[in-house]
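Here is the structure we will look at, set down as structure tokens.
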Amino acid sequence: GINAEYGGLLAFKDTCCSKYLKYLSENRWEQLKEEFINDNYRLHGLTPDSSLTLHLQAGISTMKTSLCAFESTKNLNCPVCNSDIKELSSNLPLSHHSQSSLVCFISGTIMDADNYPCVLPNGHVYSKKAMMEQAKKKQR
């Protein structure tokens with residue numbers, strides 16, 4: 001039985017017997033370490049991810065939209081579009097926004113009554129303030 005196998009391991013640790021080699025391999029220590037860590041997590045009701053990571057992912061998933069996936073549509077002020085956070089958000093679901101807001105691609109600010117959207121002949125939409133800043137830069 002199993003006691004005889006482990007007893008053989010204790011008696012003949014330098015054995016060449018194939019029956020015992022799987023228990024003595026260096027790879028076995030790595031497997032035992034992983035099993036111990038996973039059992040410890042299960043025993044104490046923990047997850048392999050830190051509490052901070054879980055809370056960050058919960059917050060990020062509320063802000064992640066389909067536009068965050070593309071470099072051409074990223075928002076300057078969106079934390080999910082930040083390259084450091086993209087890794088955390090890669091496997092998270094997209095959030096559902098029932099109310100949308102227009103965000104200027106140039107400045108990253110929300111367009112509203114004080115900073116209304118301007119539509120150019122090519123169909124692109126930018127905020128009034130960003131258009132004014134761009135015009136000032138061109139005049140210099």
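In the structure tokens, chains take letters A, B, ... by order of appearance, with residues numbered from 1 within each chain and ligands from 1 in the order shown.
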**Study point:** Distance query A:Ala113 at most 12 Å, only C-alpha atoms, self and fewer than 4 positions along chain excluded, as a list of chain:residue names
**Key:** A:Ser101, A:Leu102, A:Pro117, A:Cys118, A:Ser127, A:Lys128, A:Lys129
Export N, CA and C atoms of the chosen residues as a PDB file, in the first residue's frame?
```
ATOM      1  N   SER A 101     -21.729  60.131 -21.977  1.00  0.00           N
ATOM      2  CA  SER A 101     -21.283  61.519 -22.025  1.00  0.00           C
ATOM      3  C   SER A 101     -20.233  61.625 -23.121  1.00  0.00           C
ATOM      4  N   LEU A 102     -20.185  62.781 -23.751  1.00  0.00           N
ATOM      5  CA  LEU A 102     -19.194  63.018 -24.795  1.00  0.00           C
ATOM      6  C   LEU A 102     -17.904  63.497 -24.155  1.00  0.00           C
ATOM      7  N   PRO A 117     -19.932  70.536 -27.637  1.00  0.00           N
ATOM      8  CA  PRO A 117     -19.254  69.841 -28.727  1.00  0.00           C
ATOM      9  C   PRO A 117     -19.328  70.615 -30.043  1.00  0.00           C
ATOM     10  N   CYS A 118     -18.275  70.524 -30.823  1.00  0.00           N
ATOM     11  CA  CYS A 118     -18.219  71.126 -32.162  1.00  0.00           C
ATOM     12  C   CYS A 118     -17.971  69.998 -33.154  1.00  0.00           C
ATOM     13  N   SER A 127     -14.385  69.368 -28.274  1.00  0.00           N
ATOM     14  CA  SER A 127     -14.987  70.378 -27.404  1.00  0.00           C
ATOM     15  C   SER A 127     -14.613  71.779 -27.872  1.00  0.00           C
ATOM     16  N   LYS A 128     -15.464  72.729 -27.553  1.00  0.00           N
ATOM     17  CA  LYS A 128     -15.250  74.129 -27.924  1.00  0.00           C
ATOM     18  C   LYS A 128     -13.931  74.640 -27.337  1.00  0.00           C
ATOM     19  N   LYS A 129     -13.666  74.339 -26.058  1.00  0.00           N
ATOM     20  CA  LYS A 129     -12.438  74.809 -25.413  1.00  0.00           C
ATOM     21  C   LYS A 129     -11.196  74.225 -26.083  1.00  0.00           C
TER      22      LYS A 129
END
```
Review point. Interatomic distance between atom CA of A:Leu54 and atom CA of A:Leu88?
Key: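 Between atom CA of A:Leu54 and atom CA of A:Leu88 the gap is 9.7 Å.
Taking only C-alpha atoms into account, A:Leu76 lies nearest to A:Thr109 out of the set A:Gln139, A:Thr109, A:Asn40, A:Thr62.
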Review point. Of the residues A:Leu92, A:Leu32, A:Ile37, A:Met111, which is the one nearest to A:Ile60, using only C-alpha atoms?
Key: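 Ranking A:Leu92, A:Leu32, A:Ile37, A:Met111 by distance to A:Ile60, first place goes to A:Leu92.
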Point to revise | A:Gln57 environment, 12 Å, only C-alpha atoms, sequence neighbours closer than 2 positions dropped, as number ranges by chain | key: A: 49-55, 59-64, 79-80, 85-95
